[in-house]
Amino acid sequence: MSDSEKTSSQDDQTAVPAQAPTPQASAPRASVIHEGLPTQLPDIDPDETQDWLDSFDAMLDDRGRDRARYVMLRLLERARQHSVGVPGLRSTDYINTIAPEREPWFPGDEETERRIRAFIRWNAAVMVSDANRPGLEVGGHIATYQSSASLYEVGFNHFFKGKDAPGGGDQIYIQGHAAPGVYARAYLEGRLTEEQLLRFRQEVQHGKGKGLSSYPHPRLMPEFWEFPTVSMGLTAINSIYQARFNRYLHNRGIKDTSQQNVWAFLGDGEMAEPESLGALRVAAREELDNLTWVINCNLQQLDGPVTGNGKIIQELEANFRGAGWNVIKVIWGREWDDLLARDVDGVLVNAMNSTPDGAFQTYSVEDGAYNREHFFGADPRLRKMVEHMSDRQIEKLPRGGHDYRKVYAAFDSAAKHAGQPTVILAHTVKGWTIEGLEGKNASHQMKKLKKDDLKKFRDRLYLPMSDKEIDATYDATGTAPFFHPGKDSAEIEYMMERRHQLGGSIPRRVIRAKELKVPGDESYKELKQGSGKSKIATTMAVVRLLRDWMKNEEIGKRIVPIAPDEYRTFGMDSMFPSAKVYNPFGQRYESVDRKLLLKWREDVDGQLLHEGISEAGAMASATAAGSSYSTHGEVMIPFYIFYSMFGFQRTGDSIWAMADQLARGFLIGATAGRTTLTGEGLQHADGHSPLLAATNPAVVHYDPAHAYEVAHIMQDGLRRMYTSTEEHPHGEDVIFYMTVYNEPTSQPKEPEDLDLEGLFKGIYKFGEAPESTGGDAPRVQLLASGIGFPWVEKAQRLLADDWGVAADLWSVTSWNELARDAVEAEKWSLNHPEEQAREAYVTTKLEGAVGPVVAVSDYMRAVPLQIAHWVPEDFHVLGTDGFGFADTRPAARRFFQVDAESVVVASLRALAQRGEVKPEVVAEAFAKYRIDDPTAVADVKQEGGDA
Ligand SMILES: Cc1ncc(C[n+]2csc(CCOP(=O)(O)OP(=O)(O)O)c2C)c(N)n1
Ligand SMILES: [Mg+2]
């Protein structure tokens, strides 16, 4: 490495590159500093610059580093005030961002709000403790809500807009483990009864829907919860994309969302999930000032400290500032203000800056004397600063997240901030106000409060409840009584009035969307006609239909195409010029391909969501769009198309959360199959996504073989999800997953007498064996799905021509749906012992079909094997178990033994086992086709192999 490279790659602001090519030979140049601001400018007045540097040096000599640092910071602040483009700081001192003199006037009644908070704290803790009485012990969490009560209550009393607020209200994501606090508030508001609180985490034993779900689960409490939040990290990313989707709706003229804000409550431990911080720049880039995160920094997670040796708040601050967010730290309560004002030497701030989180956690549980000794004891000036305070006063010095006014100031500032998303980093103590829990490493898992804990807790909250009352209830039930001050009390009136002003109670989930008028049969005609002499892949069929949908007057604008940087892969680049890629700032440059017909176009009202390379982001968009019918009262139809390998496998948990959120939409696993996407190899070759899809009860999976099947499935998807029936007045809460392929195949015309019921339920007979085989030929039933269908078609010919065997063909559109139906039938039969057992649909369909049944698909055997138990005859399955690799399709199919020749040998073997053909025939076929040898297909050509 040359010296000049060394120098120029340093962060050092003063280093001068050895050979800086300057326009004016005499002018020295500063090197580039980090954070991307241009400083590589010629110095137009070196003498003046030197004067400034000399005075800085003089100040440093005379007044020391602290003073020099102070003046530098003030200069930076002044420069920013005047919009001089200086680089931002990545971290600030470990103090409140909002100085006391800049705190706003507090518009509420602080004492009444304190009492409300105390009631909620009490009921939240008692409810969890109660759920853990002997013999019930269903778990729950006390400590999380106790650390964040003030954060929520400031929001509830002053900021969160309910559904009836002008503009439709806010979206609020509540930290999953804080759910008891939200139930406790709903109880005070009269939305939940005491009986319901007593049924926390008992969702079926008192009757379905009579209990309260463990965490926010819209699927389980669809009129209460809106956003499922308990899987750490998903709240973070989903809230960003929700805020972005709000803007998308607005910019596309679908709904005015300008008055709506997204609030997300998160844990400091949760920030370690990649999904938590992974999308920060999306929020910054799109200037989502409709988004506020509140991170409850209690410095603890489940097992213990988040970063005992470090400082999580400082770490997060640097991350967020670096990503372009507005950061508001709420570190200390008001009792520290006076101390900080007297900290002229910076010793207190220095102690705050240098104390690791692990030590702060210890200070939170130790008494005043310990804190005096250890925190203030290190420096005589610090010690002196608290001389006038009693140990008790020192012990009571609170964290900012528990100071209602400080929290209010942070929320107020966040709400007014423009041009950036805001994160509030609130310093709290886990289990705050409950002595037995506070700050303990194990607090997250402490679920039970003893009599003594309860009494101390009551005292701390100043709750008007006698020892006698507590003792009596505890002795009778093993827990404490709930507290309600009465409907007409000042506190309840106050909180109800606040909620009334802010648009009603929250959380609340409502469906106000108008029903869609979905396109009729006409729109699907083209695909049902088949492809004639040409070949098309099912992925193409899907895209063609999508294009038609987008032109449809009723539903066109409601479709939200989503792709993680793969539109070209799926042949959708033709949509760029017309539908356009959504960008809230439009396109501020001339596109490189602007002269081409298929040019790249970004626009404010662009319809295509282009997520960059983020499947997690794409899923978050699909979730926001798919639940818009309830969140916004505007039905939107997400159409998320992806490499099937990077769907369920990569983002399965997000799809699970999407299902919990009762979101609907189309997920399209394009380039599906283990052997169909040739060349891409092991990590692209999807041989199992249907199996993963089967694990999600909301997901309806189809693996269509033919374009007309695609058409019917998409049409039925719209019908089921977006139209009203008696059973599902607002549409069904399902997600359609379709696996489609990139291999061009001849698409047959839709048969005249198509068995539509069979197609939707998962299996229908496609065709009989050719008559040439004769009536008494041995017979097999060949079942195939998706791209496996052409293999059984060819096998049918080979069996007839080479071996005189008759094969009937069945198109299996969904192994998953057949298996689900069978399980449902069993369940029904178990529950109706007096009635004739219900038969699985697949059994009914295959009954009377002659001969063994051989199934094949481009997936692992476990996919078709799901139906094995209900197939009335011998069942043999071929599949693609194992890792994929790169090669041609014929080679891959021969390797996995799923091609036509393999189907033939498997069929003959199945017949031989029943004595219907001679065993030698199997060996003969095996030798003829060499199905164990992929080199036998070395020269077989393929077409359209790439993605
Ligand atoms: C994806 C995921 N992994 C693990 C958990 C289990 N879990 C629940 S809470 C928790 C700790 C949370 O700590 P933090 O985010 O700091 O929240 P706090 O309760 O301290 O506010 C863990 C690990 C989970 N819910 N989700
Ligand atoms: Mg925590």
# chains A, B, ... in the order shown; residues from 1 in each chain; ligands from 1
>>> residues_near_ligand(ligand="ligand 1", cutoff="8 Å", atoms="only C-alpha atoms and all ligand atoms", output="PyMOL selection string")
chain A and resi 143-145+147-148+175-178+230-233+266-271+273+296-303+306+430+444
>>> write_last_selection(atoms="C-alpha atoms", output="CSV table (one decimal), in the first residue's frame")
chain,number,residue,atom,x,y,z
A,143,ALA,CA,-41.9,-7.0,34.4
A,144,THR,CA,-42.1,-5.7,30.8
A,145,TYR,CA,-45.2,-3.6,31.3
A,147,SER,CA,-41.0,-0.9,32.9
A,148,SER,CA,-43.0,0.8,30.2
A,175,GLN,CA,-44.7,-4.8,22.7
A,176,GLY,CA,-46.1,-8.4,22.9
A,177,HIS,CA,-45.1,-9.0,26.5
A,178,ALA,CA,-46.7,-5.7,27.6
A,230,VAL,CA,-44.7,-11.1,19.8
A,231,SER,CA,-42.2,-12.5,17.4
A,232,MET,CA,-39.3,-10.3,18.1
A,233,GLY,CA,-38.1,-8.1,15.3
A,266,LEU,CA,-40.1,-2.3,21.1
A,267,GLY,CA,-37.6,-3.9,23.5
A,268,ASP,CA,-34.0,-3.1,23.7
A,269,GLY,CA,-33.1,-6.8,23.6
A,270,GLU,CA,-35.3,-7.2,20.6
A,271,MET,CA,-33.1,-4.8,18.7
A,273,GLU,CA,-32.9,-9.2,15.6
A,296,ASN,CA,-38.2,0.5,26.1
A,297,CYS,CA,-34.5,0.4,27.2
A,298,ASN,CA,-34.7,-1.4,30.5
A,299,LEU,CA,-31.2,-2.7,29.7
A,300,GLN,CA,-32.4,-6.2,30.2
A,301,GLN,CA,-33.8,-9.0,28.0
A,302,LEU,CA,-34.9,-12.5,29.1
A,303,ASP,CA,-31.8,-14.0,30.6
A,306,VAL,CA,-28.7,-6.7,27.0
A,430,LYS,CA,-37.5,-3.7,34.2
A,444,HIS,CA,-38.7,-11.4,32.9
>>> select_by_dssp(residues="stretch 426-489 of chain A", states="alpha helix (DSSP H)", output="ChimeraX atom specification")
/A:451-461,467-477
>>> write_last_selection(atoms="N, CA and C atoms", output="PDB file, in the first residue's frame")
ATOM      1  N   LYS A 451     -47.954 -12.524  48.859  1.00  0.00           N
ATOM      2  CA  LYS A 451     -48.712 -11.550  49.649  1.00  0.00           C
ATOM      3  C   LYS A 451     -47.883 -10.318  49.988  1.00  0.00           C
ATOM      4  N   ASP A 452     -46.675 -10.580  50.415  1.00  0.00           N
ATOM      5  CA  ASP A 452     -45.802  -9.487  50.825  1.00  0.00           C
ATOM      6  C   ASP A 452     -45.443  -8.561  49.677  1.00  0.00           C
ATOM      7  N   ASP A 453     -45.117  -9.188  48.524  1.00  0.00           N
ATOM      8  CA  ASP A 453     -44.804  -8.393  47.325  1.00  0.00           C
ATOM      9  C   ASP A 453     -45.992  -7.487  47.005  1.00  0.00           C
ATOM     10  N   LEU A 454     -47.160  -8.072  47.107  1.00  0.00           N
ATOM     11  CA  LEU A 454     -48.364  -7.335  46.730  1.00  0.00           C
ATOM     12  C   LEU A 454     -48.576  -6.125  47.636  1.00  0.00           C
ATOM     13  N   LYS A 455     -48.335  -6.343  48.902  1.00  0.00           N
ATOM     14  CA  LYS A 455     -48.565  -5.230  49.843  1.00  0.00           C
ATOM     15  C   LYS A 455     -47.564  -4.104  49.610  1.00  0.00           C
ATOM     16  N   LYS A 456     -46.329  -4.478  49.358  1.00  0.00           N
ATOM     17  CA  LYS A 456     -45.318  -3.447  49.086  1.00  0.00           C
ATOM     18  C   LYS A 456     -45.658  -2.705  47.784  1.00  0.00           C
ATOM     19  N   PHE A 457     -46.100  -3.481  46.836  1.00  0.00           N
ATOM     20  CA  PHE A 457     -46.487  -2.925  45.531  1.00  0.00           C
ATOM     21  C   PHE A 457     -47.635  -1.928  45.743  1.00  0.00           C
ATOM     22  N   ARG A 458     -48.609  -2.340  46.522  1.00  0.00           N
ATOM     23  CA  ARG A 458     -49.746  -1.463  46.809  1.00  0.00           C
ATOM     24  C   ARG A 458     -49.280  -0.152  47.432  1.00  0.00           C
ATOM     25  N   ASP A 459     -48.341  -0.269  48.394  1.00  0.00           N
ATOM     26  CA  ASP A 459     -47.835   0.944  49.053  1.00  0.00           C
ATOM     27  C   ASP A 459     -47.145   1.861  48.048  1.00  0.00           C
ATOM     28  N   ARG A 460     -46.364   1.249  47.205  1.00  0.00           N
ATOM     29  CA  ARG A 460     -45.602   2.041  46.232  1.00  0.00           C
ATOM     30  C   ARG A 460     -46.546   2.784  45.285  1.00  0.00           C
ATOM     31  N   LEU A 461     -47.684   2.163  45.035  1.00  0.00           N
ATOM     32  CA  LEU A 461     -48.644   2.774  44.108  1.00  0.00           C
ATOM     33  C   LEU A 461     -49.651   3.683  44.823  1.00  0.00           C
ATOM     34  N   ASP A 467     -54.904  -4.190  53.798  1.00  0.00           N
ATOM     35  CA  ASP A 467     -54.249  -5.486  53.991  1.00  0.00           C
ATOM     36  C   ASP A 467     -55.300  -6.586  54.046  1.00  0.00           C
ATOM     37  N   LYS A 468     -56.377  -6.263  54.741  1.00  0.00           N
ATOM     38  CA  LYS A 468     -57.430  -7.257  54.939  1.00  0.00           C
ATOM     39  C   LYS A 468     -57.990  -7.750  53.597  1.00  0.00           C
ATOM     40  N   GLU A 469     -58.222  -6.783  52.768  1.00  0.00           N
ATOM     41  CA  GLU A 469     -58.762  -7.122  51.440  1.00  0.00           C
ATOM     42  C   GLU A 469     -57.795  -8.050  50.678  1.00  0.00           C
ATOM     43  N   ILE A 470     -56.525  -7.660  50.729  1.00  0.00           N
ATOM     44  CA  ILE A 470     -55.531  -8.466  50.015  1.00  0.00           C
ATOM     45  C   ILE A 470     -55.460  -9.864  50.625  1.00  0.00           C
ATOM     46  N   ASP A 471     -55.385  -9.919  51.967  1.00  0.00           N
ATOM     47  CA  ASP A 471     -55.272 -11.218  52.640  1.00  0.00           C
ATOM     48  C   ASP A 471     -56.459 -12.121  52.312  1.00  0.00           C
ATOM     49  N   ALA A 472     -57.641 -11.538  52.413  1.00  0.00           N
ATOM     50  CA  ALA A 472     -58.847 -12.365  52.231  1.00  0.00           C
ATOM     51  C   ALA A 472     -58.868 -12.978  50.833  1.00  0.00           C
ATOM     52  N   THR A 473     -58.631 -12.145  49.830  1.00  0.00           N
ATOM     53  CA  THR A 473     -58.695 -12.679  48.455  1.00  0.00           C
ATOM     54  C   THR A 473     -57.558 -13.662  48.219  1.00  0.00           C
ATOM     55  N   TYR A 474     -56.398 -13.305  48.736  1.00  0.00           N
ATOM     56  CA  TYR A 474     -55.240 -14.174  48.507  1.00  0.00           C
ATOM     57  C   TYR A 474     -55.469 -15.545  49.133  1.00  0.00           C
ATOM     58  N   ASP A 475     -55.991 -15.542  50.356  1.00  0.00           N
ATOM     59  CA  ASP A 475     -56.197 -16.830  51.030  1.00  0.00           C
ATOM     60  C   ASP A 475     -57.250 -17.668  50.303  1.00  0.00           C
ATOM     61  N   ALA A 476     -58.224 -16.977  49.747  1.00  0.00           N
ATOM     62  CA  ALA A 476     -59.289 -17.734  49.071  1.00  0.00           C
ATOM     63  C   ALA A 476     -58.884 -18.191  47.675  1.00  0.00           C
ATOM     64  N   THR A 477     -58.156 -17.351  46.953  1.00  0.00           N
ATOM     65  CA  THR A 477     -57.927 -17.679  45.530  1.00  0.00           C
ATOM     66  C   THR A 477     -56.456 -17.828  45.162  1.00  0.00           C
TER      67      THR A 477
END
>>> atom_distance(atom1="atom CA of A:Val294", atom2="atom CA of A:Ala659")
25.2 Å
>>> residues_around(residues="A:Ala409", least_positions_apart="6", cutoff="10 Å", atoms="only C-alpha atoms", output="PyMOL selection string")
chain A and resi 98-100+102-106+154+328+330+415
>>> atom_distance(atom1="atom CA of A:Lys928", atom2="atom CA of A:Ala892")
18.7 Å
